[in-house]
>>> print(open('entry-v3.cif').read())   # mmCIF, C-alpha atoms
data_coords
loop_
_atom_site.group_PDB
_atom_site.id
_atom_site.type_symbol
_atom_site.label_atom_id
_atom_site.label_comp_id
_atom_site.auth_asym_id
_atom_site.auth_seq_id
_atom_site.Cartn_x
_atom_site.Cartn_y
_atom_site.Cartn_z
ATOM 1 C CA MET O 1 123.165 126.905 85.116
ATOM 2 C CA SER O 2 122.008 123.779 86.960
ATOM 3 C CA ILE O 3 122.421 120.307 85.543
ATOM 4 C CA ILE O 4 118.677 120.020 85.179
ATOM 5 C CA LYS O 5 118.385 123.138 83.041
ATOM 6 C CA GLU O 6 121.280 121.970 80.843
ATOM 7 C CA ALA O 7 119.333 118.798 80.092
ATOM 8 C CA HIS O 8 116.665 120.836 78.302
ATOM 9 C CA MET O 9 119.051 122.402 75.779
ATOM 10 C CA SER O 10 118.352 121.244 72.231
ATOM 11 C CA ILE O 11 120.986 119.735 69.939
ATOM 12 C CA ASN O 12 121.114 120.179 66.172
ATOM 13 C CA VAL O 13 121.927 116.921 64.382
ATOM 14 C CA LYS O 14 123.459 117.038 60.930
ATOM 15 C CA ASP O 15 122.729 114.413 58.266
ATOM 16 C CA ASN O 16 126.356 113.270 58.137
ATOM 17 C CA ASP O 17 126.197 112.394 61.855
ATOM 18 C CA ILE O 18 123.460 109.781 61.321
ATOM 19 C CA ALA O 19 125.953 107.154 60.117
ATOM 20 C CA SER O 20 128.089 107.744 63.221
ATOM 21 C CA LEU O 21 124.995 107.526 65.437
ATOM 22 C CA SER O 22 123.898 104.284 63.776
ATOM 23 C CA SER O 23 127.384 102.843 64.239
ATOM 24 C CA LYS O 24 127.383 103.746 67.952
ATOM 25 C CA CYS O 25 123.950 102.158 68.409
ATOM 26 C CA LYS O 26 125.173 98.925 66.832
ATOM 27 C CA GLN O 27 128.287 99.046 69.015
ATOM 28 C CA LEU O 28 126.071 99.489 72.097
ATOM 29 C CA GLN O 29 123.884 96.549 71.058
ATOM 30 C CA SER O 30 126.960 94.372 70.626
ATOM 31 C CA ILE O 31 128.378 95.369 74.002
ATOM 32 C CA ARG O 32 125.050 94.687 75.721
ATOM 33 C CA GLY O 33 124.938 91.257 74.083
ATOM 34 C CA ASP O 34 128.476 90.546 75.281
ATOM 35 C CA ILE O 35 127.545 91.666 78.806
ATOM 36 C CA ASP O 36 124.512 89.355 78.828
ATOM 37 C CA GLU O 37 126.666 86.413 77.734
ATOM 38 C CA LEU O 38 129.366 87.170 80.318
ATOM 39 C CA GLU O 39 126.809 87.588 83.108
ATOM 40 C CA ALA O 40 125.241 84.230 82.225
ATOM 41 C CA LYS O 41 128.671 82.611 82.184
ATOM 42 C CA LEU O 42 129.591 84.257 85.504
ATOM 43 C CA LYS O 43 126.345 83.022 87.073
ATOM 44 C CA GLN O 44 127.090 79.474 85.906
ATOM 45 C CA MET O 45 130.659 79.689 87.191
ATOM 46 C CA LYS O 46 129.453 80.897 90.596
ATOM 47 C CA ASN O 47 126.999 77.985 90.745
ATOM 48 C CA ASP O 48 129.823 75.579 89.821
ATOM 49 C CA GLU O 49 132.076 77.144 92.454
ATOM 50 C CA GLU O 50 129.357 76.797 95.116
ATOM 51 C CA ARG O 51 128.665 73.155 94.189
ATOM 52 C CA ILE O 52 132.329 72.140 94.147
ATOM 53 C CA SER O 53 133.119 74.053 97.360
ATOM 54 C CA THR O 54 130.125 72.974 99.440
ATOM 55 C CA GLU O 55 129.290 69.547 98.041
ATOM 56 C CA GLU O 56 131.935 67.802 95.949
ATOM 57 C CA ILE O 57 135.178 68.557 97.844
ATOM 58 C CA PRO O 58 133.615 68.022 101.303
ATOM 59 C CA ALA O 59 132.164 64.701 100.123
ATOM 60 C CA LEU O 60 135.553 63.568 98.761
ATOM 61 C CA LEU O 61 137.396 64.617 101.932
ATOM 62 C CA THR O 62 134.824 62.860 104.105
ATOM 63 C CA SER O 63 135.018 59.676 102.027
ATOM 64 C CA LEU O 64 138.811 59.735 102.470
ATOM 65 C CA GLY O 65 138.452 60.342 106.221
ATOM 66 C CA MET O 66 140.206 63.689 105.928
ATOM 67 C CA ARG O 67 139.334 67.151 107.214
ATOM 68 C CA ASP O 68 142.172 69.016 105.514
ATOM 69 C CA PHE O 69 145.352 68.618 103.474
ATOM 70 C CA THR O 70 148.017 70.590 101.600
ATOM 71 C CA LEU O 71 148.297 70.748 97.821
ATOM 72 C CA GLU O 72 151.634 70.304 96.005
ATOM 73 C CA ASP O 73 151.968 74.088 95.650
ATOM 74 C CA GLY O 74 151.622 74.509 99.430
ATOM 75 C CA SER O 75 148.004 75.649 99.412
ATOM 76 C CA TYR O 76 146.005 74.538 102.429
ATOM 77 C CA VAL O 77 142.683 72.877 101.742
ATOM 78 C CA GLY O 78 140.301 72.357 104.612
ATOM 79 C CA LEU O 79 136.688 72.378 105.640
ATOM 80 C CA LYS O 80 135.077 75.193 107.556
ATOM 81 C CA THR O 81 131.625 75.076 109.044
ATOM 82 C CA ASN O 82 129.432 78.128 108.487
ATOM 83 C CA TYR O 83 126.144 78.722 110.226
ATOM 84 C CA PHE O 84 123.198 80.641 108.827
ATOM 85 C CA ALA O 85 119.839 81.474 110.336
ATOM 86 C CA ARG O 86 116.886 83.592 109.283
ATOM 87 C CA ILE O 87 113.465 83.511 110.882
ATOM 88 C CA SER O 88 110.830 83.855 108.202
ATOM 89 C CA LYS O 89 107.858 86.130 108.737
ATOM 90 C CA ALA O 90 105.600 83.068 108.762
ATOM 91 C CA ASN O 91 107.597 81.488 111.602
ATOM 92 C CA GLU O 92 108.136 84.574 113.770
ATOM 93 C CA ASP O 93 105.501 83.848 116.428
ATOM 94 C CA ALA O 94 106.542 80.251 116.907
ATOM 95 C CA ALA O 95 110.265 81.009 116.780
ATOM 96 C CA PHE O 96 110.002 83.914 119.217
ATOM 97 C CA GLY O 97 107.870 81.768 121.521
ATOM 98 C CA TRP O 98 110.505 79.057 121.471
ATOM 99 C CA LEU O 99 113.311 81.514 122.142
ATOM 100 C CA ARG O 100 111.442 83.006 125.103
ATOM 101 C CA ALA O 101 110.428 79.611 126.498
ATOM 102 C CA ASN O 102 114.011 78.384 126.264
ATOM 103 C CA GLY O 103 115.657 81.349 127.960
ATOM 104 C CA HIS O 104 116.819 83.122 124.808
ATOM 105 C CA GLY O 105 114.295 85.949 124.729
ATOM 106 C CA ASP O 106 117.133 88.442 125.010
ATOM 107 C CA LEU O 107 117.909 87.743 121.341
ATOM 108 C CA ILE O 108 114.639 89.393 120.366
ATOM 109 C CA ARG O 109 114.829 93.116 119.627
ATOM 110 C CA ASN O 110 111.739 95.209 119.948
ATOM 111 C CA GLU O 111 111.178 98.278 117.849
ATOM 112 C CA ILE O 112 108.052 100.322 117.868
ATOM 113 C CA ALA O 113 107.616 102.608 114.899
ATOM 114 C CA VAL O 114 104.820 105.065 114.448
ATOM 115 C CA PRO O 115 104.728 106.309 110.874
ATOM 116 C CA PHE O 116 103.589 109.876 110.372
ATOM 117 C CA THR O 117 102.571 111.112 106.964
ATOM 118 C CA LYS O 118 103.466 114.468 105.544
ATOM 119 C CA GLY O 119 101.834 117.286 107.415
ATOM 120 C CA GLN O 120 101.871 115.452 110.742
ATOM 121 C CA ASP O 121 105.062 117.023 112.132
ATOM 122 C CA GLU O 122 103.251 118.465 115.137
ATOM 123 C CA LYS O 123 101.705 115.104 116.031
ATOM 124 C CA ALA O 124 105.150 113.469 115.857
ATOM 125 C CA LYS O 125 106.615 116.116 118.174
ATOM 126 C CA LEU O 126 103.671 115.725 120.558
ATOM 127 C CA LEU O 127 104.113 111.941 120.787
ATOM 128 C CA GLU O 128 107.845 112.334 121.392
ATOM 129 C CA GLU O 129 107.182 114.851 124.186
ATOM 130 C CA MET O 130 104.544 112.545 125.753
ATOM 131 C CA ILE O 131 107.002 109.639 125.837
ATOM 132 C CA LYS O 132 109.761 111.810 127.326
ATOM 133 C CA SER O 133 107.396 113.150 129.992
ATOM 134 C CA LYS O 134 106.640 109.690 131.460
ATOM 135 C CA PRO O 135 109.107 108.826 134.292
ATOM 136 C CA GLN O 136 108.833 105.083 133.619
ATOM 137 C CA LEU O 137 109.910 105.658 129.991
ATOM 138 C CA GLN O 138 112.921 107.914 130.689
ATOM 139 C CA ASP O 139 115.440 105.155 129.871
ATOM 140 C CA ILE O 140 113.947 104.505 126.427
ATOM 141 C CA VAL O 141 116.007 105.815 123.556
ATOM 142 C CA ILE O 142 113.842 107.378 120.900
ATOM 143 C CA ASN O 143 115.238 106.800 117.437
ATOM 144 C CA LYS O 144 113.691 109.576 115.470
ATOM 145 C CA LYS O 145 114.003 109.155 111.745
ATOM 146 C CA GLN O 146 112.734 111.364 108.998
ATOM 147 C CA SER O 147 112.877 110.348 105.376
ATOM 148 C CA VAL O 148 111.489 111.059 101.948
ATOM 149 C CA ASN O 149 110.349 108.144 99.870
ATOM 150 C CA ALA O 150 112.788 107.775 96.963
ATOM 151 C CA MET O 151 110.097 107.192 94.343
ATOM 152 C CA GLN O 152 108.068 110.178 95.539
ATOM 153 C CA LEU O 153 111.171 112.376 95.422
ATOM 154 C CA LYS O 154 111.968 111.185 91.891
ATOM 155 C CA ALA O 155 108.412 111.954 90.770
ATOM 156 C CA PHE O 156 108.593 115.386 92.415
ATOM 157 C CA VAL O 157 111.874 116.224 90.648
ATOM 158 C CA LYS O 158 110.479 115.068 87.300
ATOM 159 C CA GLU O 159 107.350 117.164 87.782
ATOM 160 C CA GLN O 160 109.293 120.277 88.768
ATOM 161 C CA VAL O 161 111.781 119.954 85.896
ATOM 162 C CA GLN O 162 108.989 119.450 83.385
ATOM 163 C CA LYS O 163 107.296 122.590 84.744
ATOM 164 C CA GLY O 164 110.579 124.509 84.420
ATOM 165 C CA VAL O 165 110.815 125.168 88.163
ATOM 166 C CA ASP O 166 114.346 125.783 89.448
ATOM 167 C CA ILE O 167 115.026 123.331 92.276
ATOM 168 C CA PRO O 168 118.158 122.859 94.437
ATOM 169 C CA ASP O 169 119.413 119.794 92.566
ATOM 170 C CA HIS O 170 122.590 119.670 94.694
ATOM 171 C CA LEU O 171 120.522 119.428 97.886
ATOM 172 C CA LEU O 172 118.127 116.869 96.481
ATOM 173 C CA GLY O 173 120.820 114.834 94.752
ATOM 174 C CA ALA O 174 118.824 115.383 91.604
ATOM 175 C CA TYR O 175 120.120 115.047 88.090
ATOM 176 C CA VAL O 176 118.817 114.288 84.659
ATOM 177 C CA GLN O 177 120.583 111.611 82.659
ATOM 178 C CA THR O 178 120.087 110.775 79.037
ATOM 179 C CA GLN O 179 120.410 107.076 78.358
ATOM 180 C CA THR O 180 120.255 105.210 75.088
ATOM 181 C CA VAL O 181 117.482 102.638 74.867
ATOM 182 C CA ILE O 182 117.521 100.133 72.044
ATOM 183 C CA LYS O 183 114.739 97.593 71.786
ATOM 184 C CA GLU O 184 115.657 94.531 69.814
ATOM 185 C CA GLU O 185 113.286 93.251 67.163
ATOM 186 C CA LYS O 186 111.597 90.052 68.171
#
>>> encode(input="entry-v3.cif", output="structure tokens")
Amino acid sequence: MSIIKEAHMSINVKDNDIASLSSKCKQLQSIRGDIDELEAKLKQMKNDEERISTEEIPALLTSLGMRDFTLEDGSYVGLKTNYFARISKANEDAAFGWLRANGHGDLIRNEIAVPFTKGQDEKAKLLEEMIKSKPQLQDIVINKKQSVNAMQLKAFVKEQVQKGVDIPDHLLGAYVQTQTVIKEEK
């Protein structure tokens, strides 16, 4: 029996199990509250770490005219310069123009993608054959990629399961999971 079919089996709940269920729900609520608090604390600690590491210690070292030193326990403390760059979509044309004009055009990667919708397999094959047939395009590597949109696949699986259709869940990576949802009163 597939995992998906097992998910449709009904369970008989006895009255004496309600207290246990209620207790587990309260335990889950408490754990979720603890997780929220810990995540908030972790976020604050990461912000503190970033500030101390990138602002406060470098400023103190600079004011002392130092680049590095060793702590009493033998730990080395020094400054390292990191570089980051990201061209925003809004700046692409200008940035690419600058790179080309300044002899750095080889940094720019070109990718041409032609999306085909479902049912256009033959058109995709035809375009690939046309490109391969042109002598001046023989050195071009064609990266052929086929995919299924994750949300469409999820909707398909849901629809098929609800209809009772047996699908190859192992091939589709499909499974049904029951999760507890508790909405707090406001």
>>> atom_distance(input="entry-v3.cif", atom1="CA of His104 in chain O", atom2="CA of Lys80 in chain O")
26.3 Å
>>> resolve_selection(input="entry-v3.cif", expression="the PyMOL selection byres ((chain O and resi 63-67) around 12)", output="VMD selection string")
chain O and resid 56 to 62 68 to 70 76 to 81
>>> atom_distance(input="entry-v3.cif", atom1="CA of Gln120 in chain O", atom2="CA of Lys132 in chain O")
18.7 Å
>>> resolve_selection(input="entry-v3.cif", expression="the PyMOL selection byres ((chain O and resi 174) around 10)", output="list of chain:residue names")
O:Ile3, O:Ile4, O:Leu153, O:Lys154, O:Val157, O:Lys158, O:Ile167, O:Pro168, O:Asp169, O:His170, O:Leu171, O:Leu172, O:Gly173, O:Tyr175, O:Val176, O:Gln177
>>> write_last_selection(input="entry-v3.cif", atoms="C-alpha atoms", output="PDB file, in the frame of the given file")
ATOM      1  CA  ILE O   3     122.421 120.307  85.543  1.00  0.00           C
ATOM      2  CA  ILE O   4     118.677 120.020  85.179  1.00  0.00           C
ATOM      3  CA  LEU O 153     111.171 112.376  95.422  1.00  0.00           C
ATOM      4  CA  LYS O 154     111.968 111.185  91.891  1.00  0.00           C
ATOM      5  CA  VAL O 157     111.874 116.224  90.648  1.00  0.00           C
ATOM      6  CA  LYS O 158     110.479 115.068  87.300  1.00  0.00           C
ATOM      7  CA  ILE O 167     115.026 123.331  92.276  1.00  0.00           C
ATOM      8  CA  PRO O 168     118.158 122.859  94.437  1.00  0.00           C
ATOM      9  CA  ASP O 169     119.413 119.794  92.566  1.00  0.00           C
ATOM     10  CA  HIS O 170     122.590 119.670  94.694  1.00  0.00           C
ATOM     11  CA  LEU O 171     120.522 119.428  97.886  1.00  0.00           C
ATOM     12  CA  LEU O 172     118.127 116.869  96.481  1.00  0.00           C
ATOM     13  CA  GLY O 173     120.820 114.834  94.752  1.00  0.00           C
ATOM     14  CA  TYR O 175     120.120 115.047  88.090  1.00  0.00           C
ATOM     15  CA  VAL O 176     118.817 114.288  84.659  1.00  0.00           C
ATOM     16  CA  GLN O 177     120.583 111.611  82.659  1.00  0.00           C
TER      17      GLN O 177
END
>>> atom_distance(input="entry-v3.cif", atom1="CA of Ile18 in chain O", atom2="CA of Lys183 in chain O")
18.3 Å
>>> closest_residue(input="entry-v3.cif", among="O:Glu72, O:Asp48, O:Glu55, O:Glu184", to="Gln29 in chain O", atoms="all atoms listed in the file")
O:Glu184
>>> residues_around(input="entry-v3.cif", residues="range 137-143 of chain O", least_positions_apart="3", cutoff="10 Å", atoms="all atoms listed in the file", output="PyMOL selection string")
chain O and resi 111-113+128+130-134+146
>>> write_last_selection(input="entry-v3.cif", atoms="C-alpha atoms", output="short mmCIF file (atom, residue, chain, number, x, y, z; two decimals), in the coordinates of the input")
data_model
loop_
_atom_site.label_atom_id
_atom_site.label_comp_id
_atom_site.auth_asym_id
_atom_site.auth_seq_id
_atom_site.Cartn_x
_atom_site.Cartn_y
_atom_site.Cartn_z
CA GLU O 111 111.18 98.28 117.85
CA ILE O 112 108.05 100.32 117.87
CA ALA O 113 107.62 102.61 114.90
CA GLU O 128 107.84 112.33 121.39
CA MET O 130 104.54 112.54 125.75
CA ILE O 131 107.00 109.64 125.84
CA LYS O 132 109.76 111.81 127.33
CA SER O 133 107.40 113.15 129.99
CA LYS O 134 106.64 109.69 131.46
CA GLN O 146 112.73 111.36 109.00
#
>>> residues_around(input="entry-v3.cif", residues="Thr117 in chain O", least_positions_apart="6", cutoff="12 Å", atoms="all atoms listed in the file", output="PyMOL selection string")
chain O and resi 123-124+146-149
>>> residues_around(input="entry-v3.cif", residues="Ala85 in chain O", least_positions_apart="3", cutoff="12 Å", atoms="all atoms listed in the file", output="list in words")
Asn82, Ser88 and Ala95 of chain O
